[in-house]
Amino acid sequence: MMKAIILLTGVANQQFALTELLKAHNPALSFRCAVTAEELAAIEPEVLREARLLAFTTSVIVPEHILATLGHGAYNFHPGPPQYPGWAPAHFALYDGARTFGATAHVMAASGPIVGVESFIIPDKISVRGLEQIAYVRLAHLFWRMSRDLACDPTPLAELEIAWCGIKSTRQMYREMCELPAGISAGELARRIRAFHDDFRGIPLTCSLHGIRFQLSTTATQPPEAPQVVSPPLAAAS
């Protein structure tokens with residue numbers, strides 16, 4: 001019997017809406033919430049054995065021994081489509097000139113089977129922050145759409161016939177894209193500025209010339225943006 005949900009989120013203020021949504025479907029559930037690996041490690045094995053873990057926009061890597069102890073599996077909600085696994089998917093999608101983007105739910109494992117997908121067309125001239133905001137809204141909708149099964153069905157969720165594809169991006173790949181080579185073309189520079197010129201990940205665009213490192217100013221003029229979407233709070237399903 002599934003008695004608990006362990007909710008692992010990117011930030012603490014996501015937890016209230018997610019727990020209230022799941023409670024609406026199954027009031028008998030108890031909840032343990034975590035943001036850090038240390039908080040997750042503090043959860044007792046006896047709780048894990050009767051629990052399901054749900055990860056939402058987190059960068060925490062769940063240890064194998066915790067995954068093995070969980071009685072009802074673990075699912076991750078990734079703010080990117082199956083074509084963009086890994087770190088900072090919105091940045092790489094904009095760099096590639098992708099026309100569609102989305103959100104993915106999958107079994108928590110390396111290339112774990114996909115159990116849910118949302119997709120949308122990328123608006124023209126959208127900024128990377130705007131794209132991430134829309135992806136977050138669609139990820140929240142995906143969680144809402146799957147919430148009844150997540151809260152009430154202790155058996156493994158049905159796997160979709162959709163496979164991960166593309167290269168799994170990493171923080172190191174992101175850093176490499178932010179290192180501008182000498183002689184970069186105007187077109188390539190414009191692509192990198194659109195996709196990576198933002199300071200909210202703390203990795204600026206830089207270049208080196210004669211042993212001196214230069215950083216692109218964050219006040220540089222950006223192309224016009226499409227209207228951005230502010231993520232609304234999740235609401236319990238009726």
# chains A, B, ... in the order shown; residues from 1 in each chain; ligands from 1
>>> residues_around(residues="Leu67 in chain A", least_positions_apart="4", cutoff="9 Å", atoms="only C-alpha atoms", output="list in words")
Leu48, Leu53, Val62, Pro63, Gly71, Gly73, Ala74, Met108 and Ala109 of chain A
>>> write_last_selection(atoms="N, CA, C and O atoms", output="PDB file, in the first residue's frame")
ATOM      1  N   LEU A  48      10.509   5.311   3.031  1.00  0.00           N
ATOM      2  CA  LEU A  48      10.794   5.054   1.625  1.00  0.00           C
ATOM      3  C   LEU A  48      10.095   3.796   1.130  1.00  0.00           C
ATOM      4  O   LEU A  48       9.579   3.758  -0.001  1.00  0.00           O
ATOM      5  N   LEU A  53       8.401   8.601  -4.973  1.00  0.00           N
ATOM      6  CA  LEU A  53       9.144   9.857  -5.047  1.00  0.00           C
ATOM      7  C   LEU A  53       8.798  10.575  -6.345  1.00  0.00           C
ATOM      8  O   LEU A  53       8.820   9.976  -7.423  1.00  0.00           O
ATOM      9  N   VAL A  62      19.304  11.625  -7.338  1.00  0.00           N
ATOM     10  CA  VAL A  62      18.841  10.729  -6.283  1.00  0.00           C
ATOM     11  C   VAL A  62      19.731   9.484  -6.261  1.00  0.00           C
ATOM     12  O   VAL A  62      19.882   8.815  -7.284  1.00  0.00           O
ATOM     13  N   PRO A  63      20.329   9.158  -5.122  1.00  0.00           N
ATOM     14  CA  PRO A  63      21.222   7.991  -5.050  1.00  0.00           C
ATOM     15  C   PRO A  63      20.498   6.684  -5.367  1.00  0.00           C
ATOM     16  O   PRO A  63      19.305   6.542  -5.108  1.00  0.00           O
ATOM     17  N   GLY A  71       9.204   1.957  -2.395  1.00  0.00           N
ATOM     18  CA  GLY A  71       8.240   0.891  -2.662  1.00  0.00           C
ATOM     19  C   GLY A  71       7.396   1.108  -3.887  1.00  0.00           C
ATOM     20  O   GLY A  71       6.847   0.151  -4.455  1.00  0.00           O
ATOM     21  N   GLY A  73       8.245   3.408  -6.689  1.00  0.00           N
ATOM     22  CA  GLY A  73       8.914   4.029  -7.817  1.00  0.00           C
ATOM     23  C   GLY A  73       9.198   5.505  -7.647  1.00  0.00           C
ATOM     24  O   GLY A  73       8.839   6.130  -6.651  1.00  0.00           O
ATOM     25  N   ALA A  74       9.861   6.060  -8.657  1.00  0.00           N
ATOM     26  CA  ALA A  74      10.239   7.470  -8.653  1.00  0.00           C
ATOM     27  C   ALA A  74      10.081   8.011 -10.068  1.00  0.00           C
ATOM     28  O   ALA A  74      10.455   7.358 -11.047  1.00  0.00           O
ATOM     29  N   MET A 108      12.518   7.705 -13.002  1.00  0.00           N
ATOM     30  CA  MET A 108      13.781   8.280 -12.564  1.00  0.00           C
ATOM     31  C   MET A 108      14.892   7.244 -12.677  1.00  0.00           C
ATOM     32  O   MET A 108      15.078   6.390 -11.812  1.00  0.00           O
ATOM     33  N   ALA A 109      15.597   7.336 -13.781  1.00  0.00           N
ATOM     34  CA  ALA A 109      16.753   6.476 -14.084  1.00  0.00           C
ATOM     35  C   ALA A 109      17.409   7.088 -15.301  1.00  0.00           C
ATOM     36  O   ALA A 109      16.812   7.931 -15.984  1.00  0.00           O
TER      37      ALA A 109
END
>>> residues_around(residues="Thr58 in chain A", least_positions_apart="6", cutoff="12 Å", atoms="only C-alpha atoms", output="number ranges by chain")
A: 7-12, 14-15, 34-37, 40, 75-79, 86-88, 108
>>> write_last_selection(atoms="N, CA, C and O atoms", output="CSV table (one decimal), in the first residue's frame")
chain,number,residue,atom,x,y,z
A,7,LEU,N,8.3,14.5,-2.1
A,7,LEU,CA,8.3,15.5,-3.1
A,7,LEU,C,9.7,16.2,-3.1
A,7,LEU,O,10.0,16.8,-2.1
A,8,LEU,N,10.4,16.1,-4.2
A,8,LEU,CA,11.7,16.7,-4.3
A,8,LEU,C,11.6,17.8,-5.4
A,8,LEU,O,11.4,17.5,-6.5
A,9,THR,N,11.8,19.0,-4.9
A,9,THR,CA,11.5,20.2,-5.8
A,9,THR,C,12.8,21.0,-6.0
A,9,THR,O,13.7,21.0,-5.1
A,10,GLY,N,12.8,21.9,-7.0
A,10,GLY,CA,13.9,22.8,-7.2
A,10,GLY,C,13.9,23.9,-6.2
A,10,GLY,O,15.0,24.3,-5.8
A,11,VAL,N,12.8,24.3,-5.7
A,11,VAL,CA,12.7,25.4,-4.7
A,11,VAL,C,11.5,25.0,-3.8
A,11,VAL,O,10.6,24.3,-4.2
A,12,ALA,N,11.6,25.5,-2.5
A,12,ALA,CA,10.6,25.1,-1.5
A,12,ALA,C,9.2,25.6,-1.8
A,12,ALA,O,8.2,25.0,-1.5
A,14,GLN,N,7.5,25.6,-4.4
A,14,GLN,CA,6.7,24.8,-5.3
A,14,GLN,C,5.9,23.7,-4.5
A,14,GLN,O,5.0,23.2,-5.0
A,15,GLN,N,6.3,23.5,-3.3
A,15,GLN,CA,5.8,22.2,-2.6
A,15,GLN,C,4.4,22.3,-2.2
A,15,GLN,O,3.6,21.3,-2.3
A,34,ALA,N,11.5,17.7,0.2
A,34,ALA,CA,13.0,18.0,0.2
A,34,ALA,C,13.3,18.9,-0.9
A,34,ALA,O,12.7,18.9,-2.0
A,35,VAL,N,14.4,19.7,-0.7
A,35,VAL,CA,15.0,20.5,-1.8
A,35,VAL,C,16.4,20.0,-2.0
A,35,VAL,O,16.9,20.0,-3.2
A,36,THR,N,17.1,19.7,-1.0
A,36,THR,CA,18.5,19.3,-1.1
A,36,THR,C,18.7,17.8,-1.0
A,36,THR,O,17.9,17.1,-0.5
A,37,ALA,N,19.9,17.4,-1.4
A,37,ALA,CA,20.3,16.0,-1.2
A,37,ALA,C,20.3,15.6,0.2
A,37,ALA,O,20.0,14.4,0.6
A,40,LEU,N,16.8,14.9,1.5
A,40,LEU,CA,16.3,13.7,0.9
A,40,LEU,C,17.0,12.5,1.7
A,40,LEU,O,16.3,11.5,2.0
A,75,TYR,N,9.5,9.2,-10.2
A,75,TYR,CA,9.3,9.8,-11.4
A,75,TYR,C,9.8,11.3,-11.4
A,75,TYR,O,9.7,12.0,-10.4
A,76,ASN,N,10.4,11.7,-12.5
A,76,ASN,CA,11.0,13.0,-12.7
A,76,ASN,C,10.2,13.8,-13.7
A,76,ASN,O,9.9,13.3,-14.8
A,77,PHE,N,10.0,15.1,-13.4
A,77,PHE,CA,9.3,16.0,-14.3
A,77,PHE,C,10.4,17.0,-14.8
A,77,PHE,O,10.9,17.8,-14.1
A,78,HIS,N,10.7,16.8,-16.1
A,78,HIS,CA,11.8,17.5,-16.7
A,78,HIS,C,11.3,18.6,-17.6
A,78,HIS,O,10.4,18.4,-18.5
A,79,PRO,N,11.8,19.9,-17.4
A,79,PRO,CA,11.3,21.0,-18.2
A,79,PRO,C,11.8,21.1,-19.6
A,79,PRO,O,12.4,22.1,-20.0
A,86,GLY,N,18.7,16.4,-20.4
A,86,GLY,CA,19.9,17.0,-19.8
A,86,GLY,C,19.6,18.4,-19.2
A,86,GLY,O,18.5,18.8,-19.0
A,87,TRP,N,20.7,19.1,-19.1
A,87,TRP,CA,20.8,20.4,-18.4
A,87,TRP,C,20.5,21.6,-19.3
A,87,TRP,O,20.9,21.6,-20.5
A,88,ALA,N,19.7,22.5,-18.8
A,88,ALA,CA,19.3,23.8,-19.5
A,88,ALA,C,18.8,23.5,-20.9
A,88,ALA,O,19.3,24.0,-21.9
A,108,MET,N,12.5,7.7,-13.0
A,108,MET,CA,13.8,8.3,-12.6
A,108,MET,C,14.9,7.2,-12.7
A,108,MET,O,15.1,6.4,-11.8
>>> select_by_dssp(residues="range 9-217 of chain A", states="helix (DSSP H, G or I)", output="VMD selection string")
chain A and resid 12 to 25 37 to 41 45 to 48 64 to 69 89 to 96 128 to 152 171 to 178 186 to 196
>>> select_by_dssp(residues="range 16-218 of chain A", states="strand (DSSP E or B)", output="VMD selection string")
chain A and resid 30 to 34 51 to 56 74 to 78 86 100 to 107 114 to 121 169 179 to 180 206 to 209 212 to 215
>>> closest_atom_pairs(of="range 2-95 of chain A", to="range 154-165 of chain A", cutoff="8 Å", atoms="only C-alpha atoms", output="tab-separated table")
residue	atom	partner	partner_atom	distance
A:Met2	CA	A:Pro154	CA	5.7
A:His72	CA	A:Pro154	CA	6.0
A:Gly73	CA	A:Pro156	CA	7.0
A:Pro82	CA	A:Trp164	CA	4.8
A:Gln83	CA	A:Cys165	CA	4.9
A:Tyr84	CA	A:Cys165	CA	7.2
A:Pro85	CA	A:Trp164	CA	7.2
>>> closest_residue(among="A:Ala182, A:Ile121, A:Ala90, A:Ala110", to="Ala195 in chain A", atoms="only C-alpha atoms")
A:Ala90
>>> closest_residue(among="A:Leu150, A:Arg175, A:Gly102, A:Arg191", to="Ser127 in chain A", atoms="only C-alpha atoms")
A:Arg191
>>> decode(residues="range 67-83 of chain A", atoms="all heavy atoms", output="PDB file, in the first residue's frame")
ATOM      1  N   LEU A  67      16.575   4.989  -4.572  1.00  0.00           N
ATOM      2  CA  LEU A  67      15.692   4.494  -5.626  1.00  0.00           C
ATOM      3  C   LEU A  67      15.335   3.022  -5.402  1.00  0.00           C
ATOM      4  O   LEU A  67      14.190   2.607  -5.614  1.00  0.00           O
ATOM      5  CB  LEU A  67      16.343   4.674  -7.000  1.00  0.00           C
ATOM      6  CG  LEU A  67      16.555   6.117  -7.474  1.00  0.00           C
ATOM      7  CD1 LEU A  67      17.305   6.128  -8.796  1.00  0.00           C
ATOM      8  CD2 LEU A  67      15.232   6.840  -7.606  1.00  0.00           C
ATOM      9  N   ALA A  68      16.322   2.239  -4.959  1.00  0.00           N
ATOM     10  CA  ALA A  68      16.087   0.804  -4.743  1.00  0.00           C
ATOM     11  C   ALA A  68      15.179   0.542  -3.541  1.00  0.00           C
ATOM     12  O   ALA A  68      14.496  -0.482  -3.485  1.00  0.00           O
ATOM     13  CB  ALA A  68      17.420   0.087  -4.554  1.00  0.00           C
ATOM     14  N   THR A  69      15.166   1.471  -2.587  1.00  0.00           N
ATOM     15  CA  THR A  69      14.368   1.275  -1.372  1.00  0.00           C
ATOM     16  C   THR A  69      12.915   1.686  -1.560  1.00  0.00           C
ATOM     17  O   THR A  69      12.023   1.161  -0.894  1.00  0.00           O
ATOM     18  CB  THR A  69      14.985   2.068  -0.199  1.00  0.00           C
ATOM     19  OG1 THR A  69      16.353   1.694  -0.055  1.00  0.00           O
ATOM     20  CG2 THR A  69      14.268   1.778   1.116  1.00  0.00           C
ATOM     21  N   LEU A  70      12.663   2.604  -2.473  1.00  0.00           N
ATOM     22  CA  LEU A  70      11.306   3.103  -2.673  1.00  0.00           C
ATOM     23  C   LEU A  70      10.347   1.977  -3.051  1.00  0.00           C
ATOM     24  O   LEU A  70      10.633   1.165  -3.934  1.00  0.00           O
ATOM     25  CB  LEU A  70      11.294   4.168  -3.774  1.00  0.00           C
ATOM     26  CG  LEU A  70      11.923   5.519  -3.406  1.00  0.00           C
ATOM     27  CD1 LEU A  70      12.259   6.301  -4.667  1.00  0.00           C
ATOM     28  CD2 LEU A  70      10.966   6.311  -2.503  1.00  0.00           C
ATOM     29  N   GLY A  71       9.204   1.957  -2.395  1.00  0.00           N
ATOM     30  CA  GLY A  71       8.240   0.891  -2.662  1.00  0.00           C
ATOM     31  C   GLY A  71       7.396   1.108  -3.887  1.00  0.00           C
ATOM     32  O   GLY A  71       6.847   0.151  -4.455  1.00  0.00           O
ATOM     33  N   HIS A  72       7.265   2.362  -4.351  1.00  0.00           N
ATOM     34  CA  HIS A  72       6.327   2.647  -5.444  1.00  0.00           C
ATOM     35  C   HIS A  72       6.943   3.528  -6.526  1.00  0.00           C
ATOM     36  O   HIS A  72       6.241   4.264  -7.209  1.00  0.00           O
ATOM     37  CB  HIS A  72       5.053   3.276  -4.872  1.00  0.00           C
ATOM     38  CG  HIS A  72       4.366   2.383  -3.883  1.00  0.00           C
ATOM     39  ND1 HIS A  72       3.570   1.317  -4.241  1.00  0.00           N
ATOM     40  CD2 HIS A  72       4.416   2.369  -2.527  1.00  0.00           C
ATOM     41  CE1 HIS A  72       3.136   0.709  -3.161  1.00  0.00           C
ATOM     42  NE2 HIS A  72       3.632   1.312  -2.103  1.00  0.00           N
ATOM     43  N   GLY A  73       8.245   3.408  -6.689  1.00  0.00           N
ATOM     44  CA  GLY A  73       8.914   4.029  -7.817  1.00  0.00           C
ATOM     45  C   GLY A  73       9.198   5.505  -7.647  1.00  0.00           C
ATOM     46  O   GLY A  73       8.839   6.130  -6.651  1.00  0.00           O
ATOM     47  N   ALA A  74       9.861   6.060  -8.657  1.00  0.00           N
ATOM     48  CA  ALA A  74      10.239   7.470  -8.653  1.00  0.00           C
ATOM     49  C   ALA A  74      10.081   8.011 -10.068  1.00  0.00           C
ATOM     50  O   ALA A  74      10.455   7.358 -11.047  1.00  0.00           O
ATOM     51  CB  ALA A  74      11.679   7.635  -8.180  1.00  0.00           C
ATOM     52  N   TYR A  75       9.517   9.218 -10.156  1.00  0.00           N
ATOM     53  CA  TYR A  75       9.273   9.850 -11.449  1.00  0.00           C
ATOM     54  C   TYR A  75       9.814  11.272 -11.418  1.00  0.00           C
ATOM     55  O   TYR A  75       9.674  11.988 -10.428  1.00  0.00           O
ATOM     56  CB  TYR A  75       7.778   9.855 -11.773  1.00  0.00           C
ATOM     57  CG  TYR A  75       7.216   8.459 -11.879  1.00  0.00           C
ATOM     58  CD1 TYR A  75       6.605   7.851 -10.776  1.00  0.00           C
ATOM     59  CD2 TYR A  75       7.324   7.735 -13.062  1.00  0.00           C
ATOM     60  CE1 TYR A  75       6.121   6.555 -10.860  1.00  0.00           C
ATOM     61  CE2 TYR A  75       6.836   6.438 -13.150  1.00  0.00           C
ATOM     62  CZ  TYR A  75       6.236   5.851 -12.048  1.00  0.00           C
ATOM     63  OH  TYR A  75       5.759   4.558 -12.126  1.00  0.00           O
ATOM     64  N   ASN A  76      10.416  11.670 -12.532  1.00  0.00           N
ATOM     65  CA  ASN A  76      11.005  12.997 -12.652  1.00  0.00           C
ATOM     66  C   ASN A  76      10.233  13.815 -13.681  1.00  0.00           C
ATOM     67  O   ASN A  76       9.879  13.305 -14.754  1.00  0.00           O
ATOM     68  CB  ASN A  76      12.468  12.894 -13.096  1.00  0.00           C
ATOM     69  CG  ASN A  76      13.127  14.247 -13.175  1.00  0.00           C
ATOM     70  OD1 ASN A  76      13.081  15.040 -12.230  1.00  0.00           O
ATOM     71  ND2 ASN A  76      13.743  14.545 -14.314  1.00  0.00           N
ATOM     72  N   PHE A  77       9.975  15.095 -13.350  1.00  0.00           N
ATOM     73  CA  PHE A  77       9.314  16.007 -14.266  1.00  0.00           C
ATOM     74  C   PHE A  77      10.359  16.981 -14.792  1.00  0.00           C
ATOM     75  O   PHE A  77      10.869  17.833 -14.070  1.00  0.00           O
ATOM     76  CB  PHE A  77       8.158  16.718 -13.553  1.00  0.00           C
ATOM     77  CG  PHE A  77       6.951  15.830 -13.387  1.00  0.00           C
ATOM     78  CD1 PHE A  77       6.925  14.861 -12.389  1.00  0.00           C
ATOM     79  CD2 PHE A  77       5.875  15.922 -14.251  1.00  0.00           C
ATOM     80  CE1 PHE A  77       5.835  14.015 -12.248  1.00  0.00           C
ATOM     81  CE2 PHE A  77       4.774  15.089 -14.126  1.00  0.00           C
ATOM     82  CZ  PHE A  77       4.753  14.129 -13.115  1.00  0.00           C
ATOM     83  N   HIS A  78      10.671  16.816 -16.082  1.00  0.00           N
ATOM     84  CA  HIS A  78      11.791  17.500 -16.743  1.00  0.00           C
ATOM     85  C   HIS A  78      11.254  18.640 -17.609  1.00  0.00           C
ATOM     86  O   HIS A  78      10.381  18.418 -18.460  1.00  0.00           O
ATOM     87  CB  HIS A  78      12.530  16.467 -17.613  1.00  0.00           C
ATOM     88  CG  HIS A  78      13.542  17.038 -18.549  1.00  0.00           C
ATOM     89  ND1 HIS A  78      14.711  17.620 -18.124  1.00  0.00           N
ATOM     90  CD2 HIS A  78      13.566  17.093 -19.919  1.00  0.00           C
ATOM     91  CE1 HIS A  78      15.412  18.012 -19.180  1.00  0.00           C
ATOM     92  NE2 HIS A  78      14.739  17.705 -20.272  1.00  0.00           N
ATOM     93  N   PRO A  79      11.760  19.878 -17.432  1.00  0.00           N
ATOM     94  CA  PRO A  79      11.250  21.020 -18.196  1.00  0.00           C
ATOM     95  C   PRO A  79      11.816  21.112 -19.604  1.00  0.00           C
ATOM     96  O   PRO A  79      12.373  22.132 -20.020  1.00  0.00           O
ATOM     97  CB  PRO A  79      11.674  22.216 -17.337  1.00  0.00           C
ATOM     98  CG  PRO A  79      12.950  21.753 -16.704  1.00  0.00           C
ATOM     99  CD  PRO A  79      12.763  20.282 -16.429  1.00  0.00           C
ATOM    100  N   GLY A  80      11.697  20.033 -20.335  1.00  0.00           N
ATOM    101  CA  GLY A  80      12.165  19.965 -21.709  1.00  0.00           C
ATOM    102  C   GLY A  80      11.540  18.750 -22.377  1.00  0.00           C
ATOM    103  O   GLY A  80      11.066  17.830 -21.698  1.00  0.00           O
ATOM    104  N   PRO A  81      11.544  18.701 -23.700  1.00  0.00           N
ATOM    105  CA  PRO A  81      10.947  17.579 -24.428  1.00  0.00           C
ATOM    106  C   PRO A  81      11.912  16.392 -24.525  1.00  0.00           C
ATOM    107  O   PRO A  81      13.094  16.507 -24.184  1.00  0.00           O
ATOM    108  CB  PRO A  81      10.691  18.188 -25.805  1.00  0.00           C
ATOM    109  CG  PRO A  81      11.831  19.147 -25.973  1.00  0.00           C
ATOM    110  CD  PRO A  81      12.077  19.729 -24.607  1.00  0.00           C
ATOM    111  N   PRO A  82      11.424  15.246 -24.999  1.00  0.00           N
ATOM    112  CA  PRO A  82      12.302  14.073 -25.162  1.00  0.00           C
ATOM    113  C   PRO A  82      13.502  14.335 -26.070  1.00  0.00           C
ATOM    114  O   PRO A  82      14.518  13.655 -25.957  1.00  0.00           O
ATOM    115  CB  PRO A  82      11.372  13.017 -25.759  1.00  0.00           C
ATOM    116  CG  PRO A  82      10.012  13.398 -25.273  1.00  0.00           C
ATOM    117  CD  PRO A  82      10.008  14.898 -25.275  1.00  0.00           C
ATOM    118  N   GLN A  83      13.385  15.323 -26.951  1.00  0.00           N
ATOM    119  CA  GLN A  83      14.495  15.642 -27.861  1.00  0.00           C
ATOM    120  C   GLN A  83      15.626  16.398 -27.163  1.00  0.00           C
ATOM    121  O   GLN A  83      16.722  16.534 -27.707  1.00  0.00           O
ATOM    122  CB  GLN A  83      13.994  16.481 -29.041  1.00  0.00           C
ATOM    123  CG  GLN A  83      13.015  15.766 -29.945  1.00  0.00           C
ATOM    124  CD  GLN A  83      11.587  15.800 -29.414  1.00  0.00           C
ATOM    125  OE1 GLN A  83      11.304  16.415 -28.375  1.00  0.00           O
ATOM    126  NE2 GLN A  83      10.676  15.153 -30.126  1.00  0.00           N
TER     127      GLN A  83
END
